[in-house]
$ cat input-v2.txt   # compact mmCIF, C-alpha atoms
# COMPACT_ATOMS: atom_id res chain seq x y z
CA MET Z 25 98.55 75.19 98.12
CA LEU Z 26 98.01 74.37 101.82
CA ARG Z 27 100.60 76.94 102.87
CA ARG Z 28 99.04 79.67 100.69
CA THR Z 29 95.63 78.86 102.17
CA PHE Z 30 97.02 79.14 105.69
CA VAL Z 31 98.61 82.51 104.95
CA LEU Z 32 95.37 83.78 103.41
CA LEU Z 33 93.35 82.68 106.44
CA ALA Z 34 95.88 84.35 108.75
CA LEU Z 35 95.57 87.64 106.86
CA VAL Z 36 91.77 87.45 106.96
CA ALA Z 37 91.90 86.80 110.71
CA MET Z 38 94.24 89.78 111.25
CA ARG Z 39 91.97 92.10 109.28
CA ALA Z 40 88.90 90.85 111.17
CA GLN Z 41 90.66 91.45 114.49
CA ALA Z 42 91.74 94.92 113.35
CA GLN Z 43 88.09 95.77 112.57
CA GLN Z 44 87.22 95.28 116.26
CA LEU Z 45 87.64 98.57 118.10
CA PRO Z 46 88.46 98.57 121.81
CA ASP Z 47 86.06 100.13 124.30
CA THR Z 48 88.36 103.15 124.61
CA LEU Z 49 90.50 103.87 121.57
CA ARG Z 50 94.02 104.95 122.48
CA LEU Z 51 96.63 106.30 120.12
CA ALA Z 52 98.68 103.09 120.23
CA ASP Z 53 95.56 101.08 119.35
CA ALA Z 54 94.77 103.39 116.45
CA ILE Z 55 98.27 103.04 114.99
CA ARG Z 56 98.19 99.25 115.39
CA ILE Z 57 94.80 98.95 113.71
CA ALA Z 58 95.80 101.25 110.83
CA LEU Z 59 99.03 99.35 110.12
CA ALA Z 60 97.08 96.09 109.97
CA ASN Z 61 93.98 97.33 108.19
CA ASN Z 62 94.57 100.44 106.05
CA PRO Z 63 94.11 99.14 102.47
CA GLY Z 64 96.50 101.59 100.87
CA TYR Z 65 99.25 100.55 103.27
CA VAL Z 66 98.54 96.81 103.34
CA ALA Z 67 98.73 96.71 99.54
CA THR Z 68 102.43 97.71 99.72
CA LEU Z 69 103.54 95.16 102.32
CA ASN Z 70 104.72 92.63 99.72
CA ASP Z 71 106.87 95.07 97.73
CA VAL Z 72 110.07 94.12 99.54
CA ASP Z 73 109.35 90.37 99.23
CA LEU Z 74 108.66 90.81 95.53
CA ALA Z 75 111.96 92.65 95.04
CA VAL Z 76 113.84 89.89 96.91
CA ALA Z 77 112.16 87.19 94.80
CA THR Z 78 113.09 89.07 91.62
CA ARG Z 79 116.74 89.29 92.69
CA ASP Z 80 116.90 85.59 93.57
CA ALA Z 81 115.34 84.61 90.25
CA GLN Z 82 117.82 86.82 88.43
CA TRP Z 83 120.74 85.21 90.26
CA ARG Z 84 119.58 81.71 89.36
CA SER Z 85 119.02 82.59 85.72
CA GLN Z 86 122.41 84.26 85.25
CA PHE Z 87 124.84 82.25 87.38
CA LEU Z 88 123.48 78.71 87.19
CA PRO Z 89 123.88 76.53 84.06
CA ALA Z 90 121.17 77.03 81.44
CA PRO Z 91 120.00 73.53 80.43
CA SER Z 92 118.31 72.74 77.14
CA LEU Z 93 116.52 69.67 75.79
CA THR Z 94 115.70 69.30 72.11
CA LEU Z 95 113.78 66.50 70.40
CA ALA Z 96 113.30 66.71 66.63
CA THR Z 97 111.81 64.17 64.27
CA SER Z 98 110.96 64.34 60.56
CA GLY Z 99 109.80 62.16 57.71
CA SER Z 100 109.77 62.64 53.96
CA SER Z 101 108.50 60.89 50.87
CA ALA Z 102 109.82 61.45 47.32
CA ARG Z 103 108.79 60.05 43.98
CA THR Z 104 111.26 59.91 41.08
CA SER Z 105 110.09 59.05 37.55
CA THR Z 106 112.10 58.17 34.47
CA PRO Z 107 110.93 56.98 31.04
CA ILE Z 108 111.59 53.44 32.16
CA THR Z 109 110.86 53.28 35.94
CA THR Z 110 109.19 55.12 38.81
CA THR Z 111 110.85 55.11 42.26
CA ASN Z 112 109.24 55.99 45.60
CA THR Z 113 111.68 56.95 48.39
CA GLN Z 114 110.75 57.34 52.04
CA GLN Z 115 113.10 58.68 54.72
CA SER Z 116 112.84 59.48 58.46
CA ASN Z 117 115.09 61.10 61.01
CA THR Z 118 115.05 61.61 64.80
CA SER Z 119 117.53 63.62 66.88
CA LEU Z 120 117.73 64.06 70.65
CA SER Z 121 120.10 66.54 72.31
CA LEU Z 122 120.73 67.56 75.91
CA GLY Z 123 122.92 70.57 76.53
CA ALA Z 124 124.01 73.05 79.18
CA ARG Z 125 125.46 76.50 78.68
CA ILE Z 126 127.58 78.07 81.40
CA THR Z 127 128.89 81.64 81.41
CA VAL Z 128 132.25 81.42 83.15
CA LEU Z 129 133.15 85.09 82.89
CA ASP Z 130 131.42 88.11 81.43
CA ASP Z 131 131.98 91.85 81.11
CA GLY Z 132 130.43 92.49 84.52
CA SER Z 133 126.83 92.65 83.33
CA ARG Z 134 125.66 89.86 85.62
CA GLY Z 135 127.15 91.44 88.71
CA ASN Z 136 125.81 94.82 87.66
CA ASN Z 137 122.32 93.37 87.23
CA LEU Z 138 122.46 91.86 90.69
CA ARG Z 139 123.63 95.18 92.09
CA LEU Z 140 120.65 96.90 90.48
CA ALA Z 141 118.33 94.22 91.87
CA GLN Z 142 119.75 94.73 95.37
CA GLN Z 143 119.33 98.48 94.96
CA THR Z 144 115.67 97.86 94.11
CA ILE Z 145 115.33 95.90 97.36
CA ASP Z 146 116.92 98.72 99.35
CA ARG Z 147 114.63 101.27 97.71
CA ALA Z 148 111.59 99.11 98.44
CA GLN Z 149 112.61 98.92 102.09
CA VAL Z 150 113.08 102.69 102.30
CA ASP Z 151 109.72 103.23 100.58
CA HIS Z 152 108.09 100.86 103.04
CA ASP Z 153 109.57 102.75 105.99
CA ALA Z 154 108.41 106.05 104.50
CA GLN Z 155 104.88 104.73 103.95
CA THR Z 156 104.80 103.46 107.53
CA ARG Z 157 105.82 106.87 108.81
CA ASN Z 158 103.32 108.66 106.57
CA LEU Z 159 100.45 106.46 107.72
CA THR Z 160 101.47 106.82 111.36
CA LEU Z 161 101.60 110.61 110.98
CA ALA Z 162 98.17 110.64 109.33
CA VAL Z 163 96.71 108.50 112.13
CA ILE Z 164 98.22 110.72 114.83
CA THR Z 165 96.89 113.84 113.11
CA ALA Z 166 93.39 112.37 112.78
CA PHE Z 167 93.47 111.05 116.35
CA ARG Z 168 94.51 114.44 117.77
CA ALA Z 169 91.71 116.13 115.82
CA ALA Z 170 89.20 113.67 117.27
CA GLN Z 171 90.65 114.22 120.75
CA ARG Z 172 90.36 117.97 120.46
CA ALA Z 173 86.76 117.71 119.25
CA GLN Z 174 85.81 115.55 122.25
CA LEU Z 175 87.45 117.95 124.69
CA GLN Z 176 85.79 120.92 122.99
CA ILE Z 177 82.41 119.22 123.33
CA ALA Z 178 82.94 118.68 127.06
CA MET Z 179 84.09 122.28 127.48
CA GLN Z 180 81.15 123.68 125.50
CA GLU Z 181 78.69 121.55 127.45
CA ARG Z 182 79.94 123.16 130.66
CA VAL Z 183 79.58 126.62 129.11
CA LEU Z 184 76.04 125.79 127.96
CA ALA Z 185 75.12 124.47 131.42
CA ARG Z 186 76.25 127.76 132.97
CA SER Z 187 74.28 129.80 130.44
CA GLN Z 188 71.19 127.66 131.01
CA HIS Z 189 71.55 128.08 134.76
CA ASP Z 190 71.76 131.86 134.35
CA ALA Z 191 68.66 131.86 132.16
CA ASP Z 192 66.71 129.73 134.64
CA THR Z 193 67.79 131.98 137.47
CA LYS Z 194 66.65 135.11 135.64
CA GLN Z 195 63.32 133.47 134.86
CA LYS Z 196 62.76 132.90 138.56
CA GLN Z 197 63.90 136.41 139.48
CA ILE Z 198 61.52 138.22 137.12
CA PRO Z 199 58.43 137.84 139.39
CA LEU Z 200 60.53 138.96 142.34
CA ALA Z 201 61.66 142.07 140.47
CA THR Z 202 65.29 141.20 141.18
CA ALA Z 203 66.06 140.84 137.47
CA THR Z 204 65.03 142.86 134.47
CA LEU Z 205 63.48 141.60 131.27
CA THR Z 206 66.62 142.73 129.48
CA ASP Z 207 68.71 140.45 131.69
CA LEU Z 208 66.38 137.52 130.90
CA LYS Z 209 66.52 138.10 127.16
CA SER Z 210 70.32 138.43 127.32
CA ALA Z 211 70.55 135.13 129.20
CA GLU Z 212 68.25 133.36 126.74
CA LEU Z 213 70.20 134.75 123.80
CA GLN Z 214 73.42 133.45 125.34
CA VAL Z 215 71.86 130.00 125.71
CA LEU Z 216 70.98 129.93 122.00
CA THR Z 217 74.47 131.10 121.04
CA ASP Z 218 76.14 128.46 123.19
CA GLN Z 219 73.77 125.75 121.92
CA ASP Z 220 74.60 126.61 118.32
CA LEU Z 221 78.31 126.45 119.08
CA LEU Z 222 77.85 123.07 120.78
CA ASP Z 223 75.99 121.71 117.74
CA GLN Z 224 78.77 122.93 115.46
CA THR Z 225 81.37 121.32 117.71
CA ARG Z 226 79.50 118.01 117.64
CA SER Z 227 79.30 118.16 113.84
CA ASP Z 228 83.06 118.76 113.66
CA ALA Z 229 83.59 115.82 116.01
CA ALA Z 230 81.53 113.54 113.74
CA ILE Z 231 83.60 114.59 110.71
CA ASN Z 232 86.85 114.04 112.61
CA ARG Z 233 85.63 110.61 113.69
CA LEU Z 234 84.95 109.65 110.06
CA ASN Z 235 88.42 110.84 109.05
CA LEU Z 236 89.96 108.75 111.81
CA LEU Z 237 87.99 105.65 110.78
CA GLN Z 238 89.16 106.16 107.21
CA GLN Z 239 92.79 106.15 108.31
CA LEU Z 240 92.11 103.00 110.34
CA GLY Z 241 90.67 101.32 107.25
CA ILE Z 242 87.27 100.74 108.88
CA MET Z 243 84.12 100.96 106.79
CA GLY Z 244 81.00 102.74 107.95
CA ASP Z 245 80.39 105.12 110.83
CA ARG Z 246 80.97 103.73 114.29
CA ALA Z 247 80.70 105.25 117.72
CA VAL Z 248 84.26 105.53 119.02
CA ALA Z 249 85.20 106.41 122.58
CA ILE Z 250 88.41 108.41 122.22
CA ASP Z 251 90.97 108.46 125.02
CA THR Z 252 91.24 112.17 125.82
CA ALA Z 253 94.37 111.93 127.99
CA LEU Z 254 97.00 114.21 126.47
CA PRO Z 255 100.76 113.65 126.63
CA ALA Z 256 103.00 116.10 128.40
CA VAL Z 257 104.45 118.91 126.31
CA ARG Z 258 108.22 119.17 125.96
CA ASP Z 259 110.19 122.32 126.62
CA PRO Z 260 111.88 123.15 123.28
CA GLY Z 261 114.43 125.31 125.09
CA GLU Z 262 116.27 122.16 126.14
CA MET Z 263 116.70 120.88 122.56
CA ASP Z 264 120.06 120.78 120.76
CA VAL Z 265 119.05 121.78 117.24
CA ASP Z 266 122.33 120.67 115.61
CA SER Z 267 121.93 117.24 117.17
CA LEU Z 268 118.34 117.08 115.93
CA VAL Z 269 119.50 117.90 112.41
CA ARG Z 270 122.00 115.02 112.46
CA ILE Z 271 119.34 112.61 113.74
CA ALA Z 272 116.90 113.75 111.06
CA GLU Z 273 119.48 113.25 108.30
CA SER Z 274 120.28 109.73 109.48
CA ASN Z 275 116.59 108.73 109.60
CA SER Z 276 115.19 110.62 106.61
CA PRO Z 277 113.75 108.37 103.87
CA GLY Z 278 114.39 111.13 101.32
CA ILE Z 279 118.07 111.36 102.27
CA ARG Z 280 118.42 107.59 102.26
CA THR Z 281 116.84 107.41 98.81
CA SER Z 282 119.23 110.06 97.49
CA GLU Z 283 122.18 108.20 99.00
CA LEU Z 284 121.03 104.95 97.39
CA THR Z 285 120.77 106.73 94.05
CA LEU Z 286 124.28 108.15 94.46
CA ARG Z 287 125.66 104.74 95.39
CA GLY Z 288 123.92 103.24 92.37
CA ASN Z 289 125.47 105.88 90.10
CA GLU Z 290 128.92 105.11 91.52
CA GLY Z 291 128.35 101.42 90.86
CA ASP Z 292 127.35 102.17 87.28
CA LEU Z 293 130.56 104.16 86.82
CA SER Z 294 132.65 101.23 88.07
CA PHE Z 295 130.80 98.91 85.70
CA GLN Z 296 131.37 101.17 82.71
CA LYS Z 297 135.09 101.41 83.45
CA VAL Z 298 135.69 97.66 83.28
CA ARG Z 299 133.13 96.36 80.79
CA TRP Z 300 135.06 97.28 77.61
CA TRP Z 301 138.24 95.31 78.45
CA ARG Z 302 136.81 92.35 80.40
CA PRO Z 303 136.40 89.25 78.22
CA SER Z 304 133.30 87.11 78.12
CA VAL Z 305 133.97 83.39 78.44
CA SER Z 306 131.20 80.84 78.01
CA THR Z 307 131.10 77.10 77.49
CA ASN Z 308 128.47 74.89 75.98
CA LEU Z 309 128.32 71.12 76.43
CA THR Z 310 125.91 69.12 74.25
CA PHE Z 311 125.14 65.42 74.25
CA GLY Z 312 123.10 64.20 71.30
CA ARG Z 313 121.82 61.13 69.59
CA THR Z 314 120.53 60.79 66.01
CA GLN Z 315 119.03 58.10 63.84
CA THR Z 316 118.21 58.24 60.15
CA THR Z 317 116.40 55.61 58.12
CA GLY Z 318 116.86 55.69 54.36
CA HIS Z 319 113.86 53.54 53.66
CA GLY Z 320 110.57 53.83 55.53
CA TYR Z 321 109.50 55.71 58.62
CA ASN Z 322 111.10 53.55 61.27
CA SER Z 323 113.03 56.46 62.81
CA LEU Z 324 109.98 58.59 63.54
CA LEU Z 325 109.59 59.34 67.29
CA THR Z 326 112.36 56.94 68.25
CA PRO Z 327 112.78 57.40 72.04
CA TRP Z 328 116.52 56.62 72.03
CA PRO Z 329 118.24 57.06 68.62
CA ASP Z 330 121.16 54.77 67.77
CA ASN Z 331 123.99 57.22 67.02
CA GLY Z 332 125.46 59.26 69.88
CA SER Z 333 127.64 62.38 69.97
CA LEU Z 334 129.26 64.64 72.57
CA ARG Z 335 130.28 68.19 71.78
CA GLY Z 336 131.88 70.93 73.82
CA ASP Z 337 132.32 74.61 72.85
CA LEU Z 338 134.36 77.36 74.47
CA THR Z 339 133.71 80.94 73.41
CA LEU Z 340 135.92 83.93 74.20
CA GLN Z 341 134.72 87.41 73.31
CA LEU Z 342 136.33 90.80 73.93
CA GLY Z 343 134.21 93.88 73.31
CA LEU Z 344 136.94 96.20 72.06
CA ALA Z 345 134.53 97.61 69.51
CA ASN Z 346 132.53 99.15 72.39
CA TYR Z 347 135.51 101.23 73.58
CA PHE Z 348 134.30 104.59 72.28
CA THR Z 349 130.71 104.02 73.39
CA THR Z 350 131.96 103.01 76.82
CA ARG Z 351 134.11 106.13 77.10
CA ASN Z 352 131.00 108.21 76.47
CA ASN Z 353 129.06 106.21 79.06
CA ILE Z 354 131.84 106.85 81.59
CA GLN Z 355 131.61 110.59 81.05
CA ARG Z 356 127.84 110.46 81.41
CA ALA Z 357 128.14 108.41 84.61
CA LYS Z 358 130.59 110.92 86.10
CA ALA Z 359 128.25 113.79 85.28
CA THR Z 360 125.33 111.91 86.80
CA ILE Z 361 127.30 111.37 90.02
CA THR Z 362 128.15 115.06 90.22
CA ASP Z 363 124.50 116.02 89.70
CA GLN Z 364 123.33 113.55 92.32
CA GLU Z 365 125.85 114.86 94.85
CA TYR Z 366 124.37 118.34 94.43
CA LEU Z 367 120.84 116.94 94.71
CA LEU Z 368 121.81 115.15 97.92
CA GLN Z 369 123.29 118.37 99.29
CA GLN Z 370 120.10 120.20 98.34
CA ALA Z 371 117.96 117.57 100.12
CA ARG Z 372 120.08 117.90 103.26
CA LEU Z 373 119.78 121.68 103.21
CA ALA Z 374 116.00 121.44 102.80
CA LEU Z 375 115.73 118.94 105.65
CA GLN Z 376 117.96 121.04 107.90
CA ASN Z 377 115.83 124.10 107.19
CA GLN Z 378 112.65 122.14 107.86
CA VAL Z 379 113.94 120.87 111.21
CA ARG Z 380 115.03 124.34 112.32
CA GLN Z 381 111.72 125.88 111.24
CA THR Z 382 109.79 123.19 113.11
CA VAL Z 383 111.79 123.87 116.27
CA ILE Z 384 111.00 127.57 115.93
CA MET Z 385 107.30 126.73 115.48
CA LEU Z 386 107.45 124.48 118.54
CA GLN Z 387 109.11 127.22 120.59
CA ARG Z 388 106.46 129.72 119.50
CA ALA Z 389 103.64 127.28 120.28
CA TYR Z 390 105.15 126.46 123.67
CA SER Z 391 105.49 130.13 124.64
CA GLY Z 392 101.99 130.74 123.26
CA LEU Z 393 100.66 127.98 125.52
CA SER Z 394 102.25 129.58 128.58
CA LEU Z 395 100.75 132.93 127.61
CA ALA Z 396 97.32 131.41 126.96
CA GLN Z 397 97.36 129.68 130.33
CA ARG Z 398 98.22 132.95 132.04
CA GLN Z 399 95.44 134.74 130.15
CA ALA Z 400 92.96 132.01 131.08
CA GLN Z 401 93.93 132.34 134.74
CA LEU Z 402 93.45 136.13 134.64
CA ALA Z 403 90.11 135.72 132.84
CA ALA Z 404 88.93 133.26 135.49
CA ASP Z 405 90.01 135.60 138.30
CA ARG Z 406 88.21 138.50 136.66
CA LEU Z 407 85.06 136.40 136.28
CA ARG Z 408 85.10 135.48 139.97
CA THR Z 409 85.55 139.13 140.92
CA ALA Z 410 82.74 140.19 138.60
CA THR Z 411 80.49 137.49 140.04
CA GLN Z 412 81.08 138.78 143.55
CA GLN Z 413 80.44 142.37 142.46
CA TYR Z 414 77.26 141.31 140.66
CA SER Z 415 75.96 139.63 143.81
CA GLN Z 416 76.57 142.92 145.62
CA GLY Z 417 74.85 144.94 142.91
CA ALA Z 418 78.06 146.62 141.77
CA GLU Z 419 78.18 144.97 138.34
CA SER Z 420 75.60 144.55 135.60
CA PHE Z 421 74.48 141.17 134.29
CA VAL Z 422 75.49 142.12 130.74
CA ASN Z 423 79.06 142.75 131.85
CA LEU Z 424 79.03 139.52 133.83
CA GLN Z 425 78.04 137.63 130.65
CA LEU Z 426 80.83 139.37 128.78
CA PHE Z 427 83.39 138.29 131.37
CA ALA Z 428 82.06 134.72 131.32
CA ASP Z 429 82.28 134.62 127.53
CA ARG Z 430 85.86 135.89 127.61
CA ALA Z 431 86.80 133.30 130.23
CA ALA Z 432 85.33 130.54 128.03
CA ASN Z 433 87.24 131.85 125.01
CA ALA Z 434 90.44 131.89 127.07
CA ASP Z 435 89.90 128.23 128.02
CA ARG Z 436 89.34 127.37 124.35
CA ALA Z 437 92.55 129.20 123.46
CA VAL Z 438 94.49 127.13 126.02
CA LEU Z 439 93.09 123.92 124.54
CA ASN Z 440 93.84 124.98 120.96
CA GLN Z 441 97.34 126.12 121.87
CA ARG Z 442 98.06 122.85 123.63
CA PHE Z 443 97.15 120.96 120.48
CA ALA Z 444 99.30 123.36 118.48
CA VAL Z 445 102.24 122.33 120.66
CA LEU Z 446 101.40 118.65 120.19
CA SER Z 447 101.14 119.18 116.43
CA ALA Z 448 104.57 120.80 116.30
CA GLN Z 449 105.99 117.99 118.46
CA THR Z 450 104.49 115.39 116.11
CA THR Z 451 105.93 117.15 113.07
CA LEU Z 452 109.37 117.23 114.69
CA ASP Z 453 109.13 113.58 115.75
CA ASN Z 454 108.23 112.65 112.19
CA LEU Z 455 111.31 114.45 110.87
CA LEU Z 456 113.47 112.69 113.47
CA GLY Z 457 111.92 109.28 112.84
CA ASN Z 458 110.64 109.06 116.43
CA LEU Z 459 107.00 108.37 115.69
CA PRO Z 460 105.54 105.24 117.33
CA VAL Z 461 105.06 102.81 114.45
CA ARG Z 462 104.15 99.68 116.37
$ encode --input "input-v2.txt" --output "structure tokens"
Amino acid sequence: MLRRTFVLLALVAMRAQAQQLPDTLRLADAIRIALANNPGYVATLNDVDLAVATRDAQWRSQFLPAPSLTLATSGSSARTSTPITTTNTQQSNTSLSLGARITVLDDGSRGNNLRLAQQTIDRAQVDHDAQTRNLTLAVITAFRAAQRAQLQIAMQERVLARSQHDADTKQKQIPLATATLTDLKSAELQVLTDQDLLDQTRSDAAINRLNLLQQLGIMGDRAVAIDTALPAVRDPGEMDVDSLVRIAESNSPGIRTSELTLRGNEGDLSFQKVRWWRPSVSTNLTFGRTQTTGHGYNSLLTPWPDNGSLRGDLTLQLGLANYFTTRNNIQRAKATITDQEYLLQQARLALQNQVRQTVIMLQRAYSGLSLAQRQAQLAADRLRTATQQYSQGAESFVNLQLFADRAANADRAVLNQRFAVLSAQTTLDNLLGNLPVR
């Protein structure tokens, strides 16, 4: 009881610590908090321990002697009448037996049951690894969305500040007749447009923050300072796709599950081949004591009866009658193995295709990022040129606004494309089993 209380207090302390967010939430912190606090994930942490406990209990029940203790007592009263006499007879009996049954050899069922129990443990471990990877991927996805929203807010605030500056400048230039009323209204309209976009971006950021808190297992809405530092992008041109496919196959939970199923089917085939001819040998040893009283109830509930006995049994059984059923089971097991081999091949083909498609997506996103960066640079150069021409009176304010808007859109495209690259990298890392899970 003391140990269980200590473990419970430790879990409560871990969950309380996980509820405390750092001043600046980094991706590693988010993953750590989610693994310690996400209720859907925490509820599965004991699956492996439960499978191990089930296997150990099964081993003890099937390979250790099965003891038995029996205490029986009875009493009876009979009345016999004849024309001459009437006789009352009272009897009592008590028996005590202590026995143990040991299975020396069986048809392989015990070993097969332990094999199935071990397979359950292996499956539970694979499922746990898959759930860890799924939660980590969900946290990374939610964290990147929150990051992008924060960066978009900062970018849109700069755009709004520029628009507001233009509007204020035009307001001052109207009395000096250096700006037209049309220019002022265009500037004010741009301010309203940029303000609306900023409000929408902030709303999206709030939704992304709630999604992130949900993945972390944290109740309520909290202000979270997201670390906006982005990792470097990797050049997909340097990747060996065939090597990536092999790594993905070795780390895929789906492939491992299919392999465990195939191995289990092969074990079942081996069991079916030997069970019909292997004998079952069991022994039973019983020590007993009895006491019977012909008159009265003196033997009722006697703690140690007078008469003792010792008995030993040896049983040999050969299941030859199961030959034809077993032959059918063997054929079914062989067919199941063949089907599972094809399913495993199908899973490997699907995984290989998924890895290759993800690499193609990463290559496209990487080239798209380079193109977006070049477009953003050209848009910025054109805006600077237009600004100089506007100051010289060679460009209209409406065109200047158009160039500024295109430059802002180009910067947004660079940001979105960078996150597209990071998303493709995360998808590929998940397939390869390279996600940070600690």
$ closest_residue --input "input-v2.txt" --among "Z:Arg442, Z:Arg287, Z:Arg56, Z:Arg299" --to "Arg134 of chain Z" --atoms "all atoms listed in the file"
Z:Arg299
$ axis_aligned_box --input "input-v2.txt" --around "segment 51-54 of chain Z" --padding-each-side "5 Å" --output "lines of an AutoDock Vina configuration file"
center_x = 96.7
center_y = 103.7
center_z = 118.3
size_x = 13.9
size_y = 15.2
size_z = 13.8
$ closest_residue --input "input-v2.txt" --among "Z:Gln188, Z:Asn235, Z:Gln416, Z:Asn275" --to "Leu213 of chain Z" --atoms "all atoms listed in the file"
Z:Gln188
$ atom_distance --input "input-v2.txt" --atom1 "atom CA of Pro303 of chain Z" --atom2 "atom CA of Gln341 of chain Z"
5.5 Å
$ residues_near_point --input "input-v2.txt" --point "(67.7, 131.0, 132.8)" --cutoff "12 Å" --atoms "only C-alpha atoms" --output "PyMOL selection string"
chain Z and resi 184-198+203+205+207-216
$ residues_around --input "input-v2.txt" --residues "Asp453 of chain Z" --least-positions-apart "4" --cutoff "12 Å" --atoms "all atoms listed in the file" --output "list in words"
Arg157, Asn158, Thr160, Leu161, Ile164, Arg258, Leu268, Val269, Ile271, Ala272, Asn275, Ser276, Val379, Thr382, Val383, Leu386, Leu446, Ser447, Ala448, Gln449, Gly457, Asn458, Leu459, Pro460 and Val461 of chain Z
$ write_last_selection --input "input-v2.txt" --atoms "C-alpha atoms" --output "JSON list (two decimals), in the frame of the given file"
[["chain", "number", "residue", "atom", "x", "y", "z"],
["Z", 157, "ARG", "CA", 105.82, 106.87, 108.81],
["Z", 158, "ASN", "CA", 103.32, 108.66, 106.57],
["Z", 160, "THR", "CA", 101.47, 106.82, 111.36],
["Z", 161, "LEU", "CA", 101.60, 110.61, 110.98],
["Z", 164, "ILE", "CA", 98.22, 110.72, 114.83],
["Z", 258, "ARG", "CA", 108.22, 119.17, 125.96],
["Z", 268, "LEU", "CA", 118.34, 117.08, 115.93],
["Z", 269, "VAL", "CA", 119.50, 117.90, 112.41],
["Z", 271, "ILE", "CA", 119.34, 112.61, 113.74],
["Z", 272, "ALA", "CA", 116.90, 113.75, 111.06],
["Z", 275, "ASN", "CA", 116.59, 108.73, 109.60],
["Z", 276, "SER", "CA", 115.19, 110.62, 106.61],
["Z", 379, "VAL", "CA", 113.94, 120.87, 111.21],
["Z", 382, "THR", "CA", 109.79, 123.19, 113.11],
["Z", 383, "VAL", "CA", 111.79, 123.87, 116.27],
["Z", 386, "LEU", "CA", 107.45, 124.48, 118.54],
["Z", 446, "LEU", "CA", 101.40, 118.65, 120.19],
["Z", 447, "SER", "CA", 101.14, 119.18, 116.43],
["Z", 448, "ALA", "CA", 104.57, 120.80, 116.30],
["Z", 449, "GLN", "CA", 105.99, 117.99, 118.46],
["Z", 457, "GLY", "CA", 111.92, 109.28, 112.84],
["Z", 458, "ASN", "CA", 110.64, 109.06, 116.43],
["Z", 459, "LEU", "CA", 107.00, 108.37, 115.69],
["Z", 460, "PRO", "CA", 105.54, 105.24, 117.33],
["Z", 461, "VAL", "CA", 105.06, 102.81, 114.45]]
$ atom_distance --input "input-v2.txt" --atom1 "atom CA of Leu286 of chain Z" --atom2 "atom CA of Tyr366 of chain Z"
10.2 Å
$ residues_around --input "input-v2.txt" --residues "Gln86 of chain Z" --least-positions-apart "4" --cutoff "10 Å" --atoms "only C-alpha atoms" --output "PDB file with C-alpha atoms, in the coordinates of the input"
ATOM      1  CA  ALA Z  81     115.340  84.610  90.250  1.00  0.00           C
ATOM      2  CA  GLN Z  82     117.820  86.820  88.430  1.00  0.00           C
ATOM      3  CA  ALA Z  90     121.170  77.030  81.440  1.00  0.00           C
ATOM      4  CA  ILE Z 126     127.580  78.070  81.400  1.00  0.00           C
ATOM      5  CA  THR Z 127     128.890  81.640  81.410  1.00  0.00           C
ATOM      6  CA  SER Z 133     126.830  92.650  83.330  1.00  0.00           C
ATOM      7  CA  ARG Z 134     125.660  89.860  85.620  1.00  0.00           C
ATOM      8  CA  GLY Z 135     127.150  91.440  88.710  1.00  0.00           C
ATOM      9  CA  ASN Z 137     122.320  93.370  87.230  1.00  0.00           C
ATOM     10  CA  LEU Z 138     122.460  91.860  90.690  1.00  0.00           C
TER      11      LEU Z 138
END
$ closest_residue --input "input-v2.txt" --among "Z:Asp405, Z:Leu426, Z:Thr314, Z:Thr285" --to "Ile361 of chain Z" --atoms "all atoms listed in the file"
Z:Thr285
$ atom_distance --input "input-v2.txt" --atom1 "atom CA of Asp251 of chain Z" --atom2 "atom CA of Arg168 of chain Z"
10.0 Å
$ residues_around --input "input-v2.txt" --residues "Gln378 of chain Z" --least-positions-apart "6" --cutoff "10 Å" --atoms "only C-alpha atoms" --output "list in words"
Val269, Ala272, Arg372, Ile384, Thr451, Leu452 and Leu455 of chain Z
$ residues_around --input "input-v2.txt" --residues "Ala170 of chain Z" --least-positions-apart "3" --cutoff "12 Å" --atoms "all atoms listed in the file" --output "JSON, numbers by chain"
{"Z": [49, 50, 51, 54, 163, 164, 165, 166, 167, 173, 174, 175, 176, 177, 225, 226, 227, 228, 229, 230, 231, 232, 233, 234, 235, 236, 237, 247, 248, 249, 250, 251, 252, 443]}
$ closest_residue --input "input-v2.txt" --among "Z:Ala434, Z:Glu365, Z:Ser294, Z:Ala410" --to "Gln397 of chain Z" --atoms "only C-alpha atoms"
Z:Ala434
$ decode --input "input-v2.txt" --residues "segment 425-430 of chain Z" --atoms "N, CA and C atoms" --output "mmCIF file, in the first residue's frame"
data_model
loop_
_atom_site.group_PDB
_atom_site.id
_atom_site.type_symbol
_atom_site.label_atom_id
_atom_site.label_comp_id
_atom_site.auth_asym_id
_atom_site.auth_seq_id
_atom_site.Cartn_x
_atom_site.Cartn_y
_atom_site.Cartn_z
ATOM 1 N N GLN Z 425 1.628 51.716 -53.767
ATOM 2 C CA GLN Z 425 0.897 50.819 -52.865
ATOM 3 C C GLN Z 425 0.827 49.403 -53.437
ATOM 4 N N LEU Z 426 0.622 49.329 -54.738
ATOM 5 C CA LEU Z 426 0.543 48.017 -55.384
ATOM 6 C C LEU Z 426 1.861 47.270 -55.241
ATOM 7 N N PHE Z 427 2.983 47.976 -55.436
ATOM 8 C CA PHE Z 427 4.280 47.328 -55.308
ATOM 9 C C PHE Z 427 4.550 46.922 -53.852
ATOM 10 N N ALA Z 428 4.122 47.735 -52.912
ATOM 11 C CA ALA Z 428 4.301 47.401 -51.492
ATOM 12 C C ALA Z 428 3.484 46.166 -51.114
ATOM 13 N N ASP Z 429 2.261 46.116 -51.655
ATOM 14 C CA ASP Z 429 1.405 44.962 -51.359
ATOM 15 C C ASP Z 429 1.995 43.687 -51.948
ATOM 16 N N ARG Z 430 2.546 43.773 -53.153
ATOM 17 C CA ARG Z 430 3.157 42.598 -53.763
ATOM 18 C C ARG Z 430 4.421 42.168 -53.001
#
